[in-house]
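Data first, discussion second: the structure below is written as structure tokens.
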Amino acid sequence: QVQLVESGGGLVQAGGSLRLSCAASGSILRVSTMGWYRQAPGKQRELVADITNTGDTNYAPSVKGRFTISRDNAKNTVYLQMNSLKPEDTAVYYCRYSNSYGSLNYWGQGTQVTVSS
């Protein structure tokens with residue numbers, strides 16, 4: 001089992017910044033992908049960004065150039081730096097930890113991000 005603890009959500013005005021963190025503990029995999037997903041009311045959960053343990057990243061087109069995902073393998077922690085936030089970024093953000101095949105997945109409890117206009 002892997003436990004994920006998220007932090008860093010909150011309320012910010014449009015154009016502002018937030019930084020999310022997600023720390024993994026427990027049965028840490030040698031090879032893994034960590035990422036952030038979000039779910040707005042009435043919408044499906046969608047990928048925001050993910051990063052492998054070798055540093056390969058993947059971003060949703062809507063956040064590319066504004067958000068930066070990074071990872072500290074020594075701390076088993078993934079970060080999401082969110083800049084130039086927009087009201088449409090408002091959602092619950094979930095951390096995901098998975099093996100390289102995506103067949104083993106763990107999710108965090110979610111953290112609310114609200115961007116006011």
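Every chain in the structure tokens takes a letter, A first, then B, and so on in the order presented; its residues are numbered from 1, and the ligands are numbered from 1 following the presented order.
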
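For Lys75 in chain A, the residues within 10 Å (counting only C-alpha atoms, excluding itself and residues fewer than 5 positions away along the chain) are A:Ala23, A:Ala24, A:Ser25.
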
For the residues in that selection, give me C-alpha atoms as a short mmCIF file (atom, residue, chain, number, x, y, z; two decimals), in the first residue's frame.
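Final file, selection-v4.cif:
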```cif
data_model
loop_
_atom_site.label_atom_id
_atom_site.label_comp_id
_atom_site.auth_asym_id
_atom_site.auth_seq_id
_atom_site.Cartn_x
_atom_site.Cartn_y
_atom_site.Cartn_z
CA ALA A 23 4.10 13.08 -0.33
CA ALA A 24 4.03 9.32 -0.80
CA SER A 25 4.85 6.80 1.90
#
```

Just want the 7 Å neighbourhood of Tyr59 in chain A, counted on only C-alpha atoms, with same-chain residues fewer than 3 positions away dropped. Output as a list in words. Val48, Ala49, Asp50, Val63 and Lys64 of chain A

Spatial neighbours of range 30-42 of chain A, max dist 7 Å, only C-alpha atoms, sep filter under 4 positions, as a short mmCIF file (atom, residue, chain, number, x, y, z; two decimals) with all heavy atoms, in the first residue's frame:
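Wrote part23.cif, looks like this:
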```cif
data_model
loop_
_atom_site.label_atom_id
_atom_site.label_comp_id
_atom_site.auth_asym_id
_atom_site.auth_seq_id
_atom_site.Cartn_x
_atom_site.Cartn_y
_atom_site.Cartn_z
N GLU A 46 -9.69 14.83 -14.92
CA GLU A 46 -8.79 14.95 -16.06
C GLU A 46 -7.35 15.09 -15.59
O GLU A 46 -7.07 15.62 -14.50
CB GLU A 46 -9.16 16.16 -16.92
CG GLU A 46 -9.04 17.49 -16.21
CD GLU A 46 -9.35 18.68 -17.12
OE1 GLU A 46 -9.72 18.49 -18.29
OE2 GLU A 46 -9.20 19.83 -16.64
N LEU A 47 -6.45 14.64 -16.44
CA LEU A 47 -5.02 14.77 -16.16
C LEU A 47 -4.62 16.24 -16.25
O LEU A 47 -4.98 16.94 -17.20
CB LEU A 47 -4.21 13.95 -17.15
CG LEU A 47 -2.69 14.18 -17.11
CD1 LEU A 47 -2.10 13.59 -15.84
CD2 LEU A 47 -2.03 13.57 -18.34
N VAL A 48 -3.84 16.70 -15.27
CA VAL A 48 -3.24 18.02 -15.32
C VAL A 48 -1.79 17.88 -15.77
O VAL A 48 -1.36 18.52 -16.73
CB VAL A 48 -3.30 18.70 -13.95
CG1 VAL A 48 -2.59 20.05 -13.99
CG2 VAL A 48 -4.75 18.86 -13.50
N ALA A 49 -1.04 17.04 -15.07
CA ALA A 49 0.36 16.82 -15.41
C ALA A 49 0.85 15.60 -14.66
O ALA A 49 0.35 15.28 -13.58
CB ALA A 49 1.23 18.03 -15.04
N ASP A 50 1.83 14.90 -15.26
CA ASP A 50 2.46 13.82 -14.53
C ASP A 50 3.95 13.78 -14.84
O ASP A 50 4.43 14.44 -15.77
CB ASP A 50 1.79 12.46 -14.74
CG ASP A 50 1.80 12.00 -16.18
OD1 ASP A 50 2.66 12.46 -16.96
OD2 ASP A 50 0.95 11.15 -16.53
N ILE A 51 4.68 13.02 -14.01
CA ILE A 51 6.13 12.98 -14.12
C ILE A 51 6.61 11.60 -13.69
O ILE A 51 6.14 11.05 -12.69
CB ILE A 51 6.78 14.10 -13.28
CG1 ILE A 51 8.29 14.12 -13.44
CG2 ILE A 51 6.38 14.01 -11.80
CD1 ILE A 51 8.95 15.38 -12.86
N THR A 52 7.52 11.04 -14.45
CA THR A 52 8.09 9.74 -14.09
C THR A 52 9.23 9.93 -13.09
O THR A 52 9.68 11.07 -12.86
CB THR A 52 8.62 9.02 -15.33
OG1 THR A 52 9.76 9.75 -15.83
CG2 THR A 52 7.56 8.92 -16.41
N ASN A 53 9.74 8.83 -12.55
CA ASN A 53 10.84 8.97 -11.60
C ASN A 53 12.14 9.36 -12.31
O ASN A 53 13.09 9.76 -11.66
CB ASN A 53 11.03 7.69 -10.79
CG ASN A 53 11.28 6.49 -11.65
OD1 ASN A 53 10.42 6.09 -12.42
ND2 ASN A 53 12.45 5.89 -11.52
N VAL A 78 5.89 14.92 -4.98
CA VAL A 78 5.67 15.60 -6.25
C VAL A 78 5.05 16.96 -5.96
O VAL A 78 4.28 17.12 -5.01
CB VAL A 78 4.77 14.77 -7.19
CG1 VAL A 78 3.37 14.59 -6.63
CG2 VAL A 78 4.72 15.37 -8.58
N THR A 90 -10.37 26.17 -11.29
CA THR A 90 -11.04 25.78 -10.05
C THR A 90 -11.49 24.32 -10.12
O THR A 90 -12.18 23.92 -11.06
CB THR A 90 -12.25 26.68 -9.79
OG1 THR A 90 -11.80 28.02 -9.57
CG2 THR A 90 -13.04 26.21 -8.59
N ALA A 91 -11.08 23.55 -9.14
CA ALA A 91 -11.39 22.12 -9.11
C ALA A 91 -10.81 21.50 -7.84
O ALA A 91 -10.05 22.17 -7.11
CB ALA A 91 -10.80 21.40 -10.33
N VAL A 92 -11.18 20.27 -7.60
CA VAL A 92 -10.47 19.47 -6.60
C VAL A 92 -9.31 18.80 -7.31
O VAL A 92 -9.50 18.15 -8.34
CB VAL A 92 -11.39 18.43 -5.95
CG1 VAL A 92 -10.59 17.59 -4.95
CG2 VAL A 92 -12.56 19.11 -5.25
N TYR A 93 -8.13 18.97 -6.77
CA TYR A 93 -6.92 18.41 -7.37
C TYR A 93 -6.51 17.16 -6.60
O TYR A 93 -6.40 17.18 -5.38
CB TYR A 93 -5.79 19.44 -7.36
CG TYR A 93 -5.96 20.49 -8.42
CD1 TYR A 93 -7.00 21.42 -8.36
CD2 TYR A 93 -5.10 20.56 -9.52
CE1 TYR A 93 -7.17 22.38 -9.34
CE2 TYR A 93 -5.25 21.52 -10.51
CZ TYR A 93 -6.29 22.42 -10.42
OH TYR A 93 -6.47 23.37 -11.41
N TYR A 94 -6.29 16.09 -7.35
CA TYR A 94 -5.94 14.79 -6.76
C TYR A 94 -4.54 14.38 -7.20
O TYR A 94 -4.18 14.49 -8.38
CB TYR A 94 -6.92 13.71 -7.21
CG TYR A 94 -8.34 13.92 -6.75
CD1 TYR A 94 -9.25 14.62 -7.54
CD2 TYR A 94 -8.77 13.40 -5.53
CE1 TYR A 94 -10.56 14.81 -7.13
CE2 TYR A 94 -10.08 13.59 -5.11
CZ TYR A 94 -10.96 14.29 -5.91
OH TYR A 94 -12.26 14.47 -5.50
N CYS A 95 -3.81 13.84 -6.27
CA CYS A 95 -2.50 13.27 -6.55
C CYS A 95 -2.68 11.79 -6.89
O CYS A 95 -3.49 11.09 -6.26
CB CYS A 95 -1.61 13.43 -5.33
SG CYS A 95 0.04 12.69 -5.46
N ARG A 96 -1.94 11.34 -7.87
CA ARG A 96 -1.97 9.93 -8.26
C ARG A 96 -0.56 9.37 -8.26
O ARG A 96 0.37 10.02 -8.72
CB ARG A 96 -2.58 9.78 -9.65
CG ARG A 96 -2.61 8.34 -10.18
CD ARG A 96 -2.99 8.31 -11.65
NE ARG A 96 -3.01 6.96 -12.19
CZ ARG A 96 -2.95 6.69 -13.49
NH1 ARG A 96 -2.87 7.67 -14.37
NH2 ARG A 96 -2.97 5.43 -13.91
N TYR A 97 -0.43 8.15 -7.75
CA TYR A 97 0.84 7.44 -7.73
C TYR A 97 0.60 6.10 -8.40
O TYR A 97 -0.31 5.36 -8.02
CB TYR A 97 1.28 7.24 -6.27
CG TYR A 97 2.60 6.55 -6.08
CD1 TYR A 97 3.77 7.29 -5.92
CD2 TYR A 97 2.69 5.17 -6.02
CE1 TYR A 97 4.99 6.67 -5.71
CE2 TYR A 97 3.90 4.53 -5.81
CZ TYR A 97 5.05 5.28 -5.66
OH TYR A 97 6.26 4.67 -5.45
N SER A 98 1.42 5.78 -9.42
CA SER A 98 1.15 4.55 -10.16
C SER A 98 2.44 3.88 -10.60
O SER A 98 3.50 4.52 -10.64
CB SER A 98 0.28 4.85 -11.39
OG SER A 98 0.95 5.74 -12.25
N ASN A 99 2.33 2.60 -10.92
CA ASN A 99 3.48 1.91 -11.48
C ASN A 99 3.63 2.32 -12.96
O ASN A 99 2.80 3.04 -13.50
CB ASN A 99 3.39 0.40 -11.31
CG ASN A 99 2.19 -0.21 -12.03
OD1 ASN A 99 1.45 0.49 -12.72
ND2 ASN A 99 2.00 -1.50 -11.87
N SER A 100 4.67 1.86 -13.60
CA SER A 100 4.96 2.32 -14.96
C SER A 100 3.92 1.84 -15.97
O SER A 100 3.78 2.43 -17.04
CB SER A 100 6.35 1.86 -15.39
OG SER A 100 6.46 0.46 -15.29
#
```

Nearest to Ser117 in chain A by atom-to-atom distance, counting only C-alpha atoms, from A:Gly16, A:Gly9, A:Pro87, A:Pro61: A:Pro87

Would you compute the distance between CA of Val2 in chain A and CA of Ser27 in chain A? Give it in Å to one decimal. 5.4 Å

Which residues in range 1-116 of chain A does DSSP call strand (DSSP E)? List them as a ChimeraX atom specification. /A:2-7,10-13,18-26,33-39,46-52,57-59,67-72,77-82,91-98,105-107,111-116

Near range 80-82 of chain A, counting only C-alpha atoms, which residues have an atom at most 6 Å away, once you skip same-chain residues fewer than 3 positions from it, shown as a list in words? Ser17, Leu18, Arg19, Leu20, Phe67, Thr68 and Ile69 of chain A

Quick one: write out the picked residues with C-alpha atoms as a PDB file, in the first residue's frame?
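Result file is again_31.pdb:
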```
ATOM      1  CA  SER A  17      -0.121  31.305  -7.889  1.00  0.00           C
ATOM      2  CA  LEU A  18      -0.375  28.215  -5.724  1.00  0.00           C
ATOM      3  CA  ARG A  19       1.932  25.290  -5.086  1.00  0.00           C
ATOM      4  CA  LEU A  20       0.581  21.824  -4.401  1.00  0.00           C
ATOM      5  CA  PHE A  67       1.948  24.952 -14.500  1.00  0.00           C
ATOM      6  CA  THR A  68       5.176  23.140 -13.690  1.00  0.00           C
ATOM      7  CA  ILE A  69       5.380  19.668 -12.210  1.00  0.00           C
TER       8      ILE A  69
END
```

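Compared by their closest atoms to Val113 in chain A, and using only C-alpha atoms, the residues A:Gln44, A:Thr57, A:Gln3, A:Ala14 rank with A:Ala14 nearest.
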
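We find CA of Cys22 in chain A and CA of Ser7 in chain A to be spaced 6.5 Å apart.
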
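The interatomic distance for the pair CA of Leu4 in chain A and CA of Lys86 in chain A works out to 26.3 Å.
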